[in-house]
Structure formats: C-alpha cells, structure tokens
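Worksheet: one structure, shown below.
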Amino acid sequence: MDLTGRTAGRRIAAALRGVPTALREDLWQVRSEPVPRVGEPGYPVWRPVSLMVLVVFAATAMVVDVHQYHVGYNLGTGLAVLLAGVQAVSVVVALYRPVAAWWAVTAVMFFAARAAEGRIIMPTPVPGGPWDPAGHTRPPVPVGSLGPFTGPGPDYPWTSAGIAMQAMVLFLLALRLRPRAAVSALLISSATGLVALAFTAQYNIDFGFAVAVLATATLLGAALRGRRVARKELVVQEEVTAEERARRTLLEERNRIARELHDVVAHHMSVISIQAQVAPHLVENPSDELKENLAGIRQNAVDALTELRRVLGVLRSEDPGAEGAPHAPQPSLDRLDELVDNVRGAGLTVTVDRTGTPRPLSPGVELSAFRIVQEALSNAMRHAPGSTVRVELAHQSAELVVRVANTAPDRPVAPSPGAGHGLLGMRERTAMLGGEMAAGATPDGGYEVTAALPLKGHA
C-alpha cells in the first residue's frame, strides 16, 4: 500500500474511533440551546399555541397508539396505555428537553417491538379469496381472545402513531441541536428499528417509507434551525456594522474638526510669531532683555507651529486632489446669510432670528456654530423637504445659543441610510467647547436642534 493509501486508512480509523465520543457528546447529555426568553431575538410569541397543538397531537396519537398496541401487538391494556403514554408525554417534553424525549420514544419503540414478539398472530392469505395478497388484503382471522381481526397485519416495529410521534420528536430535536446531533439521532432510530425487525419476519410496514418520514422530519427541523441561526447572525452582524459605521463617522468628524482647528490655531500662532518678530522694530532703542524675550516668544511660536503641523498636518492628505482646499479660510457666522440663501434655493423656507448683543467670538465658537447650523439645515433638506425652518442665534452673556427647528415635511420621505450621523458631529463640536446639546422631534411632527456654546475661555 502506498503512502497515500496508508494516510487515508489512518484518517478513516481515527474518524471511526471518534464516533463513540461524538455520540456521547451529542446524545448522552441533557444540555441543548436554551429557549429564548421573552423579548430576546427569536422568541416565538406563539409558544403557548404551539404547546397546545403539541398536547392535542400527543393526546390523539396516544389514543391511536393504545388501540394499535392493544389490538395489533396483542399487549395488555395496562402495558399499552403505559407505552403509548410515555411516547405522548415525550412529544410534549421534547419542546424543552429534546434529547431525553428522543431517548424515551426510541426505547419505547424497541421495548414494544420486543414485547410483541410471539404475540402477533398474522392472517393467512387465501389464494383467489377476497383478501388475496395480490390485492394487499387478507381474510379475517382471530387474534388471541380479542375477537375477529379483519385487516392486514399490524405495523411493526413502529405503529403508525409511533412513527408520527417519533418524527415529531426528531423534528423538535433538530430545531434545538446542531445538525450532527440530529443526524446521529436519526441514524440510531433507524438502526434500532432495523434491529427490532431482525428478531421477527412478521411485520407489515415499508421500512424505507418509515425511515423517509423520520428523515424528512429531521431535515425540516435542521433547515428551520439553520434559518433561525442565520437570521440571528445577520442581526448581530447588522448591529456590529451599525456600530462600526457610527464609530467611523465619529472618527471622520473628529478628523474634520482637527483639520479646522489646525487651520485656526496655525493662523494665530503665525500671527504671534510675526508680531514677536516685528515688535522690536516698533520700539526705539529696545533693550537687550526685550529683544531676548521677544525672540524667545517667536521661537516658541515657531516650534509650536512646527509641532502642530507635524501632528495634524497629515489630516490634510484626505483629499490630495484639492490642494488649496485645506488651506481655505474656515467659515464663520459672517457667512450664515450665504448659507441660508443656498438652502432657500433648494426649496426650503428659512427664517433667521438674532437676539441679544453680538460680540466678538473665538474662531472655535464661530466655526462650531456655523457647522451646527449647516448640518441642521442639511438634515432638514434631507428628512423634511418642503418644511419651514427657523434659525435662531441668541447672544447671551455667558454663551451663544443656536437653535434650528423645522416643521413636519409636506410629503412622505424615504428613510435615509445616513440618518443620525450628522448629530454625532454636532455633539462632538458642542462637547469640544464644553457646551450642551439637545435634539429631538417636536409635537407638530418636526425636529429641533439646540446647542449652547459657552463663551468663557473662548472669546
């Protein structure tokens, strides 16, 4: 035998040695996937209905099974009721303990088949008679002391009701356990039935049909479980994707804010450097100490500017094609009228109301206020077309209050995949200045964004 053949043989032998361990792990245990609690994904709200259906099914099958065990298998009434009752209870228990229920119905099937051995009296066909075997009929014959038996021989080793109950248990088992365990249970059930058949030649059942019924139930349960698991994984993946999208949006907005702050801070540091360089020329006969201090101020400003550009300048490479864009002046509230005119041209009715005494604002407050209004107007255009928007700027002693409110849209709007991401940027800008922001729907169906931007430390 060549090396490939020996390797294949070793793999087959290892797989066969692992079969008992796999069967013990899958079918000699009572643990299974837990039933989802109320409110959890996958929890069937129709569980009480399904339980009631199982009870009705089990009770009906039990009545039929008692008759078949009593009449067909010639078992005593007490034993017939006991065996059929165990199978019926197992069907209901399988909703919660599928492995234990499967072991119970399998054991009852084998025990009933062995108990019936020697008690079944098969009819003798009469050639050419009204119960000719060619017509799948048999003459009436007495069975023990139970009176005349006018049908074909009893099903063996499964009764018809027994097949139905075992199929239901396998279906519920396949719903709760992994496919390997379900297939193992199906194979053991089929093998147990085949062993029971080996002890007698007296049966009237198509063994292939019985196995096909059990296999169909197992396959259906496994398919439904696979669909449920796939949907659960999809929900988890969607949540992870949404979190990742929100995190990426937050990082992008922070990068944008960092770029804008870079421009603002770099401008001021450049002004400080230039003023420190020019100051000695504005004083007649400056002292050496003054020159030295101003030179130190200029050098510190240059060093800080260099370090700032080294750390944050890399953010300018987001759009290499727009070389001049990163260096363009950042917008302020002086351009608010221009922004409002553009929004009006898009079809929204916008009014601007300014209250309080305007005062010089820091570049950070100016930029954040402009961006908050800009994003709020963009959201109104996207989510509330045809609405009326009111922009309010309230200059107070300690803060600048920005409020943007829109009425309800005048027509239905399709959901936007980017909904809610603009709010992240507005909250980041407000938090950066130590302010507070609130956003939410209004009673009339519109939406409102209010941000309070502190002036202390930023003026």
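Each chain of the structure tokens is named A, B, ... in the order shown, its residues numbered from 1; ligands are numbered from 1 in display order.
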I'd like the contact shell of Ser273 in chain A - 9 Å cut-off, only C-alpha atoms, skipping same-chain residues fewer than 5 positions apart - returned as a PDB file with N, CA, C and O atoms, in the first residue's frame.
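The new file result.pdb reads:
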ATOM      1  N   HIS A 268      -3.264  81.710  14.244  1.00  0.00           N
ATOM      2  CA  HIS A 268      -2.941  82.539  15.395  1.00  0.00           C
ATOM      3  C   HIS A 268      -1.472  82.398  15.792  1.00  0.00           C
ATOM      4  O   HIS A 268      -0.833  83.395  16.186  1.00  0.00           O
ATOM      5  N   VAL A 278       8.288  91.511  14.627  1.00  0.00           N
ATOM      6  CA  VAL A 278       8.175  92.918  14.247  1.00  0.00           C
ATOM      7  C   VAL A 278       8.271  93.840  15.468  1.00  0.00           C
ATOM      8  O   VAL A 278       8.705  95.000  15.367  1.00  0.00           O
ATOM      9  N   ILE A 297       9.773  84.353  22.468  1.00  0.00           N
ATOM     10  CA  ILE A 297       8.356  84.177  22.129  1.00  0.00           C
ATOM     11  C   ILE A 297       8.217  83.707  20.694  1.00  0.00           C
ATOM     12  O   ILE A 297       7.447  82.784  20.386  1.00  0.00           O
ATOM     13  N   ARG A 298       8.988  84.366  19.800  1.00  0.00           N
ATOM     14  CA  ARG A 298       8.889  83.983  18.391  1.00  0.00           C
ATOM     15  C   ARG A 298       9.358  82.541  18.180  1.00  0.00           C
ATOM     16  O   ARG A 298       8.731  81.774  17.449  1.00  0.00           O
ATOM     17  N   GLN A 299      10.458  82.164  18.842  1.00  0.00           N
ATOM     18  CA  GLN A 299      10.975  80.812  18.663  1.00  0.00           C
ATOM     19  C   GLN A 299       9.989  79.775  19.208  1.00  0.00           C
ATOM     20  O   GLN A 299       9.765  78.729  18.575  1.00  0.00           O
ATOM     21  N   ASN A 300       9.389  80.057  20.358  1.00  0.00           N
ATOM     22  CA  ASN A 300       8.400  79.132  20.907  1.00  0.00           C
ATOM     23  C   ASN A 300       7.189  79.008  19.982  1.00  0.00           C
ATOM     24  O   ASN A 300       6.626  77.922  19.803  1.00  0.00           O
ATOM     25  N   ALA A 301       6.741  80.109  19.400  1.00  0.00           N
ATOM     26  CA  ALA A 301       5.609  80.070  18.468  1.00  0.00           C
ATOM     27  C   ALA A 301       5.958  79.255  17.228  1.00  0.00           C
ATOM     28  O   ALA A 301       5.148  78.457  16.736  1.00  0.00           O
ATOM     29  N   VAL A 302       7.182  79.451  16.718  1.00  0.00           N
ATOM     30  CA  VAL A 302       7.600  78.687  15.534  1.00  0.00           C
ATOM     31  C   VAL A 302       7.687  77.198  15.860  1.00  0.00           C
ATOM     32  O   VAL A 302       7.242  76.337  15.080  1.00  0.00           O
TER      33      VAL A 302
END
All residues 7 Å or closer to Pro157 in chain A, only C-alpha atoms, same chain fewer than 4 positions away omitted, as a list of chain:residue names: A:Met109, A:Ala113, A:Gly193, A:Ala196, A:Leu197
Go ahead and dump the residues you just picked, N, CA, C and O atoms, as a PDB file, in the first residue's frame.
ATOM      1  N   MET A 109     -40.226   2.324  21.559  1.00  0.00           N
ATOM      2  CA  MET A 109     -40.424   1.616  20.286  1.00  0.00           C
ATOM      3  C   MET A 109     -39.763   0.237  20.324  1.00  0.00           C
ATOM      4  O   MET A 109     -40.371  -0.772  19.952  1.00  0.00           O
ATOM      5  N   ALA A 113     -41.710  -3.458  20.487  1.00  0.00           N
ATOM      6  CA  ALA A 113     -41.477  -4.451  19.440  1.00  0.00           C
ATOM      7  C   ALA A 113     -41.033  -5.790  20.037  1.00  0.00           C
ATOM      8  O   ALA A 113     -41.486  -6.860  19.615  1.00  0.00           O
ATOM      9  N   GLY A 193     -34.778   0.428  14.823  1.00  0.00           N
ATOM     10  CA  GLY A 193     -35.891  -0.229  14.141  1.00  0.00           C
ATOM     11  C   GLY A 193     -35.442  -1.422  13.334  1.00  0.00           C
ATOM     12  O   GLY A 193     -36.129  -2.463  13.285  1.00  0.00           O
ATOM     13  N   ALA A 196     -34.834  -4.328  15.655  1.00  0.00           N
ATOM     14  CA  ALA A 196     -36.100  -4.934  16.088  1.00  0.00           C
ATOM     15  C   ALA A 196     -36.670  -5.833  14.999  1.00  0.00           C
ATOM     16  O   ALA A 196     -37.239  -6.897  15.281  1.00  0.00           O
ATOM     17  N   LEU A 197     -36.514  -5.424  13.739  1.00  0.00           N
ATOM     18  CA  LEU A 197     -37.015  -6.248  12.633  1.00  0.00           C
ATOM     19  C   LEU A 197     -36.232  -7.555  12.503  1.00  0.00           C
ATOM     20  O   LEU A 197     -36.757  -8.545  11.994  1.00  0.00           O
TER      21      LEU A 197
END
Would you list the contacts of range 161-165 of chain A as a list in words, taking every protein, DNA or RNA residue within 9 Å and counting only C-alpha atoms, but skipping same-chain residues closer than 2 positions in sequence?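 These residues fall inside the cut-off: Phe57, Ala58, Thr60, Ala61, Met62, Val63, Val64, Asp65, Gln68, Ala84, Gln87, Ala88, Ser90, Val91, Val105, Met109, Trp158, Thr159, Ala167, Met168, Val169, Leu170, Ala210, Val213 and Leu214 of chain A.
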Nearest residue to Arg97 in chain A out of A:Ile257, A:Ala22, A:Val71, A:Leu173, using only C-alpha atoms? A:Leu173
Taking 3 positions as the minimum chain separation for residues in the same chain, which residues sit within 9 Å of Leu220 in chain A when counting only C-alpha atoms? Answer as a list in words. Phe171, Ala174, Leu175, Ala215, Thr216, Ala217, Ala223, Leu224 and Arg225 of chain A
For Trp28 in chain A, find every residue with an atom within 10 Å (counting only C-alpha atoms), except residues of its own chain fewer than 6 positions away, and show them as a ChimeraX atom specification. /A:21-22,99-100,103
I want to know what sits within 10 Å of Arg180 in chain A, based on only C-alpha atoms, with residues of the same chain fewer than 4 positions away left out; could you give that as a list in words? Ala22, Leu23, Asp26, Ala174, Ser184, Ala185, Leu186 and Ala222 of chain A
With distances taken over only C-alpha atoms, which of A:Glu252, A:Glu399, A:Asp288, A:Asp410 is nearest to Pro454 in chain A?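 When distances to Pro454 in chain A are compared using only C-alpha atoms, the smallest one comes from A:Glu399.
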Write down as an MDAnalysis selection string the residues belonging to range 319-423 of chain A that are assigned strand (DSSP E or B) by DSSP computed on the backbone. chainID A and resid 349:356 388:395 399:406
Apply DSSP to the structure's backbone, then extract all residues of range 339-384 of chain A labelled helix (DSSP H, G or I) and return them as an mmCIF file with all heavy atoms, in the first residue's frame.
data_model
loop_
_atom_site.group_PDB
_atom_site.id
_atom_site.type_symbol
_atom_site.label_atom_id
_atom_site.label_comp_id
_atom_site.auth_asym_id
_atom_site.auth_seq_id
_atom_site.Cartn_x
_atom_site.Cartn_y
_atom_site.Cartn_z
ATOM 1 N N LEU A 339 -25.147 80.880 3.472
ATOM 2 C CA LEU A 339 -25.606 79.502 3.661
ATOM 3 C C LEU A 339 -27.129 79.415 3.573
ATOM 4 O O LEU A 339 -27.678 78.505 2.921
ATOM 5 C CB LEU A 339 -25.123 78.995 5.023
ATOM 6 C CG LEU A 339 -25.646 77.621 5.481
ATOM 7 C CD1 LEU A 339 -25.176 76.523 4.543
ATOM 8 C CD2 LEU A 339 -25.199 77.329 6.909
ATOM 9 N N VAL A 340 -27.815 80.347 4.213
ATOM 10 C CA VAL A 340 -29.278 80.333 4.202
ATOM 11 C C VAL A 340 -29.812 80.540 2.786
ATOM 12 O O VAL A 340 -30.791 79.898 2.370
ATOM 13 C CB VAL A 340 -29.810 81.408 5.166
ATOM 14 C CG1 VAL A 340 -31.319 81.582 4.994
ATOM 15 C CG2 VAL A 340 -29.495 81.028 6.605
ATOM 16 N N ASP A 341 -29.174 81.421 2.019
ATOM 17 C CA ASP A 341 -29.622 81.636 0.635
ATOM 18 C C ASP A 341 -29.501 80.362 -0.193
ATOM 19 O O ASP A 341 -30.377 80.051 -1.017
ATOM 20 C CB ASP A 341 -28.811 82.763 -0.002
ATOM 21 C CG ASP A 341 -29.133 84.133 0.591
ATOM 22 O OD1 ASP A 341 -30.233 84.259 1.168
ATOM 23 O OD2 ASP A 341 -28.295 85.052 0.486
ATOM 24 N N ASN A 342 -28.438 79.613 0.014
ATOM 25 C CA ASN A 342 -28.281 78.353 -0.727
ATOM 26 C C ASN A 342 -29.374 77.355 -0.360
ATOM 27 O O ASN A 342 -29.904 76.629 -1.213
ATOM 28 C CB ASN A 342 -26.908 77.748 -0.425
ATOM 29 C CG ASN A 342 -25.773 78.552 -1.016
ATOM 30 O OD1 ASN A 342 -25.971 79.274 -2.005
ATOM 31 N ND2 ASN A 342 -24.590 78.464 -0.429
ATOM 32 N N VAL A 343 -29.735 77.301 0.912
ATOM 33 C CA VAL A 343 -30.781 76.373 1.346
ATOM 34 C C VAL A 343 -32.142 76.806 0.795
ATOM 35 O O VAL A 343 -32.955 75.975 0.391
ATOM 36 C CB VAL A 343 -30.802 76.291 2.885
ATOM 37 C CG1 VAL A 343 -31.961 75.422 3.357
ATOM 38 C CG2 VAL A 343 -29.492 75.730 3.402
ATOM 39 N N ARG A 344 -32.386 78.086 0.777
ATOM 40 C CA ARG A 344 -33.642 78.561 0.187
ATOM 41 C C ARG A 344 -33.739 78.196 -1.279
ATOM 42 O O ARG A 344 -34.811 77.859 -1.783
ATOM 43 C CB ARG A 344 -33.741 80.069 0.369
ATOM 44 C CG ARG A 344 -34.040 80.516 1.803
ATOM 45 C CD ARG A 344 -33.881 82.006 1.951
ATOM 46 N NE ARG A 344 -34.180 82.442 3.325
ATOM 47 C CZ ARG A 344 -33.812 83.615 3.818
ATOM 48 N NH1 ARG A 344 -33.130 84.480 3.061
ATOM 49 N NH2 ARG A 344 -34.126 83.933 5.073
ATOM 50 N N GLY A 345 -32.603 78.265 -1.963
ATOM 51 C CA GLY A 345 -32.609 77.873 -3.377
ATOM 52 C C GLY A 345 -32.924 76.411 -3.572
ATOM 53 O O GLY A 345 -33.363 76.001 -4.653
ATOM 54 N N PRO A 363 -12.630 81.969 17.179
ATOM 55 C CA PRO A 363 -12.792 81.203 15.932
ATOM 56 C C PRO A 363 -13.432 79.836 16.154
ATOM 57 O O PRO A 363 -14.206 79.368 15.313
ATOM 58 C CB PRO A 363 -11.352 81.072 15.418
ATOM 59 C CG PRO A 363 -10.625 82.225 16.017
ATOM 60 C CD PRO A 363 -11.246 82.443 17.368
ATOM 61 N N GLY A 364 -13.125 79.187 17.305
ATOM 62 C CA GLY A 364 -13.715 77.878 17.561
ATOM 63 C C GLY A 364 -15.219 77.939 17.728
ATOM 64 O O GLY A 364 -15.954 77.100 17.204
ATOM 65 N N VAL A 365 -15.716 78.933 18.459
ATOM 66 C CA VAL A 365 -17.156 79.079 18.640
ATOM 67 C C VAL A 365 -17.822 79.459 17.325
ATOM 68 O O VAL A 365 -18.883 78.935 16.969
ATOM 69 C CB VAL A 365 -17.448 80.133 19.734
ATOM 70 C CG1 VAL A 365 -18.947 80.393 19.834
ATOM 71 C CG2 VAL A 365 -16.903 79.660 21.073
ATOM 72 N N GLU A 366 -17.206 80.394 16.593
ATOM 73 C CA GLU A 366 -17.755 80.799 15.289
ATOM 74 C C GLU A 366 -17.879 79.594 14.358
ATOM 75 O O GLU A 366 -18.928 79.367 13.743
ATOM 76 C CB GLU A 366 -16.844 81.856 14.668
ATOM 77 C CG GLU A 366 -16.909 83.207 15.318
ATOM 78 C CD GLU A 366 -17.848 84.150 14.595
ATOM 79 O OE1 GLU A 366 -18.475 83.717 13.610
ATOM 80 O OE2 GLU A 366 -17.958 85.305 15.023
ATOM 81 N N LEU A 367 -16.809 78.818 14.260
ATOM 82 C CA LEU A 367 -16.799 77.672 13.353
ATOM 83 C C LEU A 367 -17.811 76.615 13.785
ATOM 84 O O LEU A 367 -18.564 76.077 12.966
ATOM 85 C CB LEU A 367 -15.397 77.076 13.292
ATOM 86 C CG LEU A 367 -15.214 75.828 12.423
ATOM 87 C CD1 LEU A 367 -15.567 76.126 10.984
ATOM 88 C CD2 LEU A 367 -13.785 75.307 12.530
ATOM 89 N N SER A 368 -17.845 76.304 15.098
ATOM 90 C CA SER A 368 -18.784 75.285 15.575
ATOM 91 C C SER A 368 -20.221 75.710 15.371
ATOM 92 O O SER A 368 -21.071 74.906 14.951
ATOM 93 C CB SER A 368 -18.519 74.994 17.064
ATOM 94 O OG SER A 368 -17.242 74.431 17.240
ATOM 95 N N ALA A 369 -20.541 76.979 15.653
ATOM 96 C CA ALA A 369 -21.910 77.460 15.455
ATOM 97 C C ALA A 369 -22.306 77.369 13.984
ATOM 98 O O ALA A 369 -23.421 76.931 13.647
ATOM 99 C CB ALA A 369 -22.036 78.893 15.956
ATOM 100 N N PHE A 370 -21.408 77.759 13.085
ATOM 101 C CA PHE A 370 -21.714 77.687 11.653
ATOM 102 C C PHE A 370 -21.940 76.242 11.211
ATOM 103 O O PHE A 370 -22.888 75.938 10.480
ATOM 104 C CB PHE A 370 -20.572 78.311 10.856
ATOM 105 C CG PHE A 370 -20.815 78.313 9.366
ATOM 106 C CD1 PHE A 370 -21.501 79.348 8.756
ATOM 107 C CD2 PHE A 370 -20.355 77.267 8.573
ATOM 108 C CE1 PHE A 370 -21.728 79.349 7.389
ATOM 109 C CE2 PHE A 370 -20.587 77.247 7.212
ATOM 110 C CZ PHE A 370 -21.279 78.297 6.613
ATOM 111 N N ARG A 371 -21.061 75.324 11.664
ATOM 112 C CA ARG A 371 -21.197 73.931 11.241
ATOM 113 C C ARG A 371 -22.471 73.294 11.794
ATOM 114 O O ARG A 371 -23.110 72.473 11.127
ATOM 115 C CB ARG A 371 -19.983 73.125 11.710
ATOM 116 C CG ARG A 371 -18.680 73.499 11.031
ATOM 117 C CD ARG A 371 -18.740 73.327 9.534
ATOM 118 N NE ARG A 371 -17.422 73.452 8.922
ATOM 119 C CZ ARG A 371 -17.200 73.625 7.626
ATOM 120 N NH1 ARG A 371 -18.246 73.721 6.795
ATOM 121 N NH2 ARG A 371 -15.993 73.710 7.153
ATOM 122 N N ILE A 372 -22.851 73.654 13.024
ATOM 123 C CA ILE A 372 -24.087 73.099 13.594
ATOM 124 C C ILE A 372 -25.289 73.551 12.788
ATOM 125 O O ILE A 372 -26.177 72.753 12.455
ATOM 126 C CB ILE A 372 -24.210 73.507 15.072
ATOM 127 C CG1 ILE A 372 -23.157 72.769 15.911
ATOM 128 C CG2 ILE A 372 -25.607 73.206 15.601
ATOM 129 C CD1 ILE A 372 -23.092 73.224 17.347
ATOM 130 N N VAL A 373 -25.345 74.847 12.446
ATOM 131 C CA VAL A 373 -26.456 75.343 11.615
ATOM 132 C C VAL A 373 -26.426 74.675 10.243
ATOM 133 O O VAL A 373 -27.468 74.271 9.703
ATOM 134 C CB VAL A 373 -26.367 76.872 11.479
ATOM 135 C CG1 VAL A 373 -27.424 77.383 10.495
ATOM 136 C CG2 VAL A 373 -26.555 77.537 12.833
ATOM 137 N N GLN A 374 -25.250 74.545 9.681
ATOM 138 C CA GLN A 374 -25.118 73.927 8.357
ATOM 139 C C GLN A 374 -25.625 72.486 8.358
ATOM 140 O O GLN A 374 -26.385 72.070 7.472
ATOM 141 C CB GLN A 374 -23.657 73.977 7.913
ATOM 142 C CG GLN A 374 -23.405 73.428 6.523
ATOM 143 C CD GLN A 374 -21.920 73.440 6.177
ATOM 144 O OE1 GLN A 374 -21.086 73.055 6.993
ATOM 145 N NE2 GLN A 374 -21.602 73.911 4.985
ATOM 146 N N GLU A 375 -25.230 71.696 9.364
ATOM 147 C CA GLU A 375 -25.652 70.299 9.424
ATOM 148 C C GLU A 375 -27.146 70.183 9.702
ATOM 149 O O GLU A 375 -27.839 69.315 9.145
ATOM 150 C CB GLU A 375 -24.859 69.566 10.501
ATOM 151 C CG GLU A 375 -25.129 68.074 10.563
ATOM 152 C CD GLU A 375 -24.762 67.369 9.275
ATOM 153 O OE1 GLU A 375 -23.734 67.731 8.670
ATOM 154 O OE2 GLU A 375 -25.521 66.462 8.864
ATOM 155 N N ALA A 376 -27.675 71.059 10.577
ATOM 156 C CA ALA A 376 -29.105 71.022 10.866
ATOM 157 C C ALA A 376 -29.931 71.357 9.634
ATOM 158 O O ALA A 376 -30.968 70.727 9.368
ATOM 159 C CB ALA A 376 -29.428 71.983 12.008
ATOM 160 N N LEU A 377 -29.483 72.329 8.832
ATOM 161 C CA LEU A 377 -30.197 72.658 7.594
ATOM 162 C C LEU A 377 -30.096 71.516 6.586
ATOM 163 O O LEU A 377 -31.060 71.223 5.860
ATOM 164 C CB LEU A 377 -29.633 73.953 6.999
ATOM 165 C CG LEU A 377 -29.897 75.228 7.809
ATOM 166 C CD1 LEU A 377 -29.200 76.426 7.142
ATOM 167 C CD2 LEU A 377 -31.395 75.506 7.908
ATOM 168 N N SER A 378 -28.943 70.859 6.541
ATOM 169 C CA SER A 378 -28.795 69.707 5.630
ATOM 170 C C SER A 378 -29.747 68.591 6.025
ATOM 171 O O SER A 378 -30.376 67.949 5.164
ATOM 172 C CB SER A 378 -27.350 69.202 5.654
ATOM 173 O OG SER A 378 -26.455 70.200 5.203
ATOM 174 N N ASN A 379 -29.877 68.333 7.313
ATOM 175 C CA ASN A 379 -30.815 67.310 7.768
ATOM 176 C C ASN A 379 -32.244 67.685 7.428
ATOM 177 O O ASN A 379 -33.063 66.817 7.074
ATOM 178 C CB ASN A 379 -30.674 67.116 9.285
ATOM 179 C CG ASN A 379 -29.406 66.384 9.659
ATOM 180 O OD1 ASN A 379 -28.774 65.733 8.818
ATOM 181 N ND2 ASN A 379 -28.996 66.497 10.914
ATOM 182 N N ALA A 380 -32.592 68.975 7.547
ATOM 183 C CA ALA A 380 -33.945 69.403 7.207
ATOM 184 C C ALA A 380 -34.227 69.192 5.719
ATOM 185 O O ALA A 380 -35.315 68.746 5.333
ATOM 186 C CB ALA A 380 -34.135 70.870 7.580
ATOM 187 N N MET A 381 -33.246 69.498 4.867
ATOM 188 C CA MET A 381 -33.436 69.264 3.426
ATOM 189 C C MET A 381 -33.587 67.781 3.114
ATOM 190 O O MET A 381 -34.369 67.392 2.253
ATOM 191 C CB MET A 381 -32.244 69.851 2.643
ATOM 192 C CG MET A 381 -32.232 71.367 2.578
ATOM 193 S SD MET A 381 -30.983 72.005 1.423
ATOM 194 C CE MET A 381 -29.480 71.484 2.228
ATOM 195 N N ARG A 382 -32.852 66.936 3.843
ATOM 196 C CA ARG A 382 -32.867 65.507 3.554
ATOM 197 C C ARG A 382 -34.116 64.817 4.110
ATOM 198 O O ARG A 382 -34.708 63.961 3.458
ATOM 199 C CB ARG A 382 -31.614 64.846 4.152
ATOM 200 C CG ARG A 382 -31.468 63.376 3.809
ATOM 201 C CD ARG A 382 -30.258 62.754 4.479
ATOM 202 N NE ARG A 382 -29.038 63.472 4.187
ATOM 203 C CZ ARG A 382 -28.308 64.124 5.086
ATOM 204 N NH1 ARG A 382 -28.690 64.130 6.359
ATOM 205 N NH2 ARG A 382 -27.217 64.760 4.748
ATOM 206 N N HIS A 383 -34.509 65.191 5.329
ATOM 207 C CA HIS A 383 -35.578 64.465 6.021
ATOM 208 C C HIS A 383 -36.906 65.211 6.086
ATOM 209 O O HIS A 383 -37.923 64.598 6.445
ATOM 210 C CB HIS A 383 -35.136 64.131 7.451
ATOM 211 C CG HIS A 383 -33.858 63.360 7.524
ATOM 212 N ND1 HIS A 383 -33.735 62.084 7.029
ATOM 213 C CD2 HIS A 383 -32.633 63.689 8.012
ATOM 214 C CE1 HIS A 383 -32.500 61.649 7.218
ATOM 215 N NE2 HIS A 383 -31.807 62.611 7.804
#
